[in-house]
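Chemist: Just passing along the structure, written as structure tokens.
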Amino acid sequence: MAGLADSGSNPDVDLLYDINGLAKDAPGWFDRVMEYVGEYGLLLAIVLLVVWCWWSVRRRGDEDAASTVAALVWAPLAAGIAVLVNVPIRGFVERPRPFLDHQGLEVLVQGKTDYSFVSDHATIVMAMAVGLFVANRRFGLVALVLALFGGFIRVYMGVHYPTDVVGGFALGTAVALLLSPLAMALLTPVLKAVERSPRVGWLVRGRGRAERDDAVIPEARSERTSERDLAA
């Protein structure tokens with residue numbers, strides 16, 4: 001193939017053709033599924049993981065619920081900041097999409113006219129996955145696996161080089177981790193204030209748990225009072 005000949009000894013391009021070649025051998029319905037998963041599905045799955053983690057945290061109502069919810073809030077914020085950081089990077093590198101420079105690729109998504117490096121999708125999913133991992137290891141590990149799979153799909157779809165995806169992973173991880181201490185220092189007091197609010201406190205701790213905690217105290221006091229009465 002002409003595209004393979006043009007790749008030379010560049011491992012980035014060679015790996016692009018190897019992974020994208022899987023799309024040529026796959027049936028059409030499978031490529032359409034991969035297209036949807038790569039464009040929307042995995043990002044939606046990670047968002048749902050964040051929501052699921054938040055729901056489980058507020059139901060348990062642990063003492064550190066506010067800090068955990070703060071970490072969950074940081075996950076999408078980290079993704080947004082990482083994308084903003086990527087804007088000048090893409091403008092500086094100005095790397096064209098792989099299908100513009102290499103022939104013979106199976107491109108599953110048409111209309112991609114922006115620059116290729118760094119991948120926004122890879123940046124977003126990894127930033128959210130790392131942010132979720134900071135909040136909860138179990139949910140975070142699942143999100144990290146989904147993020148890695150999402151990077152593979154971007155190359156499979158023929159819209160990114162492997163190094164575009166690796167760069168996105170690195171950028172998303174760096175933003176989520178390096179800014180996490182500052183973000184937690186700012187967000188945790190806010191979430192603790194929300195937790196104390198009678199109106200919106202349920203966003204951090206479930207009302208049922210709080211009511212049960214409050215109910216234990218009067219019962220304990222009544223038992224101690226009864227014991228004193230009997231002793232008298």
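Naming works like this for the structure tokens: A, B, ... for the chains as they're shown, residue 1 at the start of each chain, ligands 1 onward in shown order.
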Write out as an NGL selection string each polymer residue whose atoms come within 8 Å of stretch 172-185 of chain A, counting only C-alpha atoms; drop sequence neighbours fewer than 6 positions from it.

Modeler: :A and (67 or 70-71 or 74-75 or 78-79 or 81-82 or 122-128 or 130-131)

Chemist: Would you save the residues from that selection as a tab-separated table (two decimals), in the first residue's frame, using N, CA, C and O atoms?

Modeler:
chain	number	residue	atom	x	y	z
A	67	SER	N	-15.02	15.82	51.39
A	67	SER	CA	-13.76	15.80	50.64
A	67	SER	C	-13.84	14.87	49.43
A	67	SER	O	-13.27	15.17	48.38
A	70	ALA	N	-15.83	16.62	46.83
A	70	ALA	CA	-14.98	17.67	46.26
A	70	ALA	C	-14.07	17.10	45.18
A	70	ALA	O	-13.86	17.71	44.13
A	71	ALA	N	-13.51	15.92	45.43
A	71	ALA	CA	-12.66	15.27	44.43
A	71	ALA	C	-13.47	14.90	43.19
A	71	ALA	O	-12.97	14.98	42.06
A	74	TRP	N	-13.96	17.88	41.15
A	74	TRP	CA	-12.72	18.24	40.48
A	74	TRP	C	-12.51	17.47	39.18
A	74	TRP	O	-11.90	17.97	38.24
A	75	ALA	N	-13.05	16.26	39.08
A	75	ALA	CA	-12.82	15.43	37.89
A	75	ALA	C	-13.27	16.12	36.60
A	75	ALA	O	-12.47	16.26	35.66
A	78	ALA	N	-11.18	19.32	36.02
A	78	ALA	CA	-9.84	19.03	35.51
A	78	ALA	C	-9.88	18.78	34.01
A	78	ALA	O	-8.99	19.21	33.26
A	79	ALA	N	-10.92	18.07	33.54
A	79	ALA	CA	-11.05	17.82	32.11
A	79	ALA	C	-11.23	19.12	31.34
A	79	ALA	O	-10.61	19.31	30.27
A	81	ILE	N	-10.24	22.17	32.25
A	81	ILE	CA	-8.99	22.93	32.28
A	81	ILE	C	-7.97	22.33	31.33
A	81	ILE	O	-7.24	23.05	30.63
A	82	ALA	N	-7.90	21.00	31.29
A	82	ALA	CA	-6.95	20.33	30.41
A	82	ALA	C	-7.22	20.66	28.95
A	82	ALA	O	-6.29	20.85	28.15
A	122	ALA	N	-8.80	12.04	24.24
A	122	ALA	CA	-7.90	11.36	25.17
A	122	ALA	C	-7.62	12.22	26.39
A	122	ALA	O	-7.53	11.71	27.52
A	123	THR	N	-7.49	13.52	26.19
A	123	THR	CA	-7.24	14.43	27.30
A	123	THR	C	-8.41	14.44	28.28
A	123	THR	O	-8.22	14.34	29.50
A	124	ILE	N	-9.62	14.53	27.75
A	124	ILE	CA	-10.81	14.63	28.60
A	124	ILE	C	-11.03	13.34	29.40
A	124	ILE	O	-11.22	13.39	30.63
A	125	VAL	N	-11.02	12.20	28.70
A	125	VAL	CA	-11.34	10.96	29.41
A	125	VAL	C	-10.27	10.62	30.44
A	125	VAL	O	-10.60	10.11	31.53
A	126	MET	N	-9.00	10.91	30.15
A	126	MET	CA	-7.96	10.59	31.13
A	126	MET	C	-8.01	11.54	32.31
A	126	MET	O	-7.81	11.13	33.46
A	127	ALA	N	-8.27	12.83	32.07
A	127	ALA	CA	-8.37	13.77	33.18
A	127	ALA	C	-9.51	13.39	34.12
A	127	ALA	O	-9.36	13.41	35.35
A	128	MET	N	-10.64	13.00	33.56
A	128	MET	CA	-11.76	12.59	34.40
A	128	MET	C	-11.48	11.28	35.11
A	128	MET	O	-11.85	11.10	36.28
A	130	VAL	N	-8.50	10.06	36.02
A	130	VAL	CA	-7.54	10.30	37.10
A	130	VAL	C	-8.21	11.04	38.25
A	130	VAL	O	-7.97	10.73	39.42
A	131	GLY	N	-9.04	12.03	37.92
A	131	GLY	CA	-9.77	12.73	38.98
A	131	GLY	C	-10.66	11.80	39.76
A	131	GLY	O	-10.76	11.90	41.00

Chemist: Could you give me, as a list in words, the residues within 6 Å of stretch 42-55 of chain A, counting only C-alpha atoms and dropping anything in the same chain fewer than 3 positions from it?

Modeler: Val37, Arg58 and Ala143 of chain A

Chemist: With N, CA and C atoms retained, write the just-selected residues as an mmCIF file, in the first residue's frame.

Modeler:
data_model
loop_
_atom_site.group_PDB
_atom_site.id
_atom_site.type_symbol
_atom_site.label_atom_id
_atom_site.label_comp_id
_atom_site.auth_asym_id
_atom_site.auth_seq_id
_atom_site.Cartn_x
_atom_site.Cartn_y
_atom_site.Cartn_z
ATOM 1 N N VAL A 37 -18.938 4.536 20.130
ATOM 2 C CA VAL A 37 -18.247 4.383 21.415
ATOM 3 C C VAL A 37 -17.082 5.369 21.516
ATOM 4 N N ARG A 58 -22.755 9.703 48.907
ATOM 5 C CA ARG A 58 -23.767 10.428 49.683
ATOM 6 C C ARG A 58 -24.690 9.461 50.420
ATOM 7 N N ALA A 143 -12.538 3.515 35.398
ATOM 8 C CA ALA A 143 -12.478 4.663 34.493
ATOM 9 C C ALA A 143 -11.151 4.712 33.739
#

Chemist: Any idea what's packed within 12 Å of A:Val87, counting only C-alpha atoms, ignoring anything in its chain fewer than 3 positions away? Could you give it as a list in words?

Modeler: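 With the cut-off at 12 Å, the set is Gly80, Ile81, Ala82, Val83, Leu84, Arg90, Gly91, Phe92, Val93, Glu94, Asp114, Tyr115, Ser116, Phe117, Val118, Ser119, Asp120, Thr123, Gly168 and Leu171 of chain A.
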
Chemist: Run DSSP on the backbone and grab whatever in stretch 14-224 of chain A lands in alpha helix (DSSP H); send it over as number ranges by chain.

Modeler: A: 14-25, 28-36, 42-60, 65-93, 98-101, 120-135, 137-156, 162-178, 180-196, 207-224

Chemist: Name all residues at most 9 Å from stretch 197-205 of chain A (count only C-alpha atoms; drop same-chain ones fewer than 4 positions away) and give them as a ChimeraX atom specification.

Modeler: /A:54-55,57-62,65-66,68-69,191-193,209-210

Chemist: Can you spit out the residues from that selection as a compact mmCIF listing (two decimals), in the first residue's frame, using C-alpha atoms?

Modeler:
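Result file is result.txt:
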# COMPACT_ATOMS: atom_id res chain seq x y z
CA TRP A 54 -21.22 10.40 44.02
CA TRP A 55 -24.48 8.56 44.69
CA VAL A 57 -20.75 8.37 48.67
CA ARG A 58 -23.77 10.43 49.68
CA ARG A 59 -25.73 7.30 50.60
CA ARG A 60 -22.99 6.09 52.94
CA GLY A 61 -22.69 9.52 54.49
CA ASP A 62 -19.16 9.02 55.82
CA ALA A 65 -18.02 12.66 52.33
CA ALA A 66 -17.38 16.35 51.67
CA THR A 68 -14.72 12.85 48.44
CA VAL A 69 -17.46 14.82 46.69
CA LEU A 191 -18.56 21.19 49.96
CA LYS A 192 -18.40 21.16 53.76
CA ALA A 193 -20.52 24.31 53.79
CA ARG A 209 -28.25 8.81 57.06
CA ALA A 210 -28.18 12.19 58.78

Chemist: How many Å lie between atom CA of A:Leu15 and atom CA of A:Val155, rounded to one decimal?

Modeler: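 According to the coordinates, atom CA of A:Leu15 and atom CA of A:Val155 are separated by 8.9 Å.
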
Chemist: Record the distance separating atom CA of A:Asp12 and atom CA of A:Asp164, expressed in Å with one decimal.

Modeler: 9.5 Å

Chemist: What does the distance from atom CA of A:Gly21 to atom CA of A:Leu148 come to in Å, to one decimal?

Modeler: 18.9 Å

Chemist: Which neighbours of stretch 30-32 of chain A fall inside 10 Å, counting only C-alpha atoms, when residues of the same chain fewer than 4 positions from it are skipped, and could you give them as a PyMOL selection string?

Modeler: chain A and resi 22-26+36-38+106-109+156-157

Chemist: Nearest residue to A:Pro162 out of A:Pro88, A:Gly111, A:Gly104, A:Pro11, using only C-alpha atoms?

Modeler: A:Pro11

Chemist: Given the choices A:Leu72, A:Gln103, A:Pro189, A:Ile19, which gets closest to A:Ala135 if the distance is worked out from only C-alpha atoms?

Modeler: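 Comparing A:Leu72, A:Gln103, A:Pro189, A:Ile19 against A:Ala135, the winner is A:Leu72.
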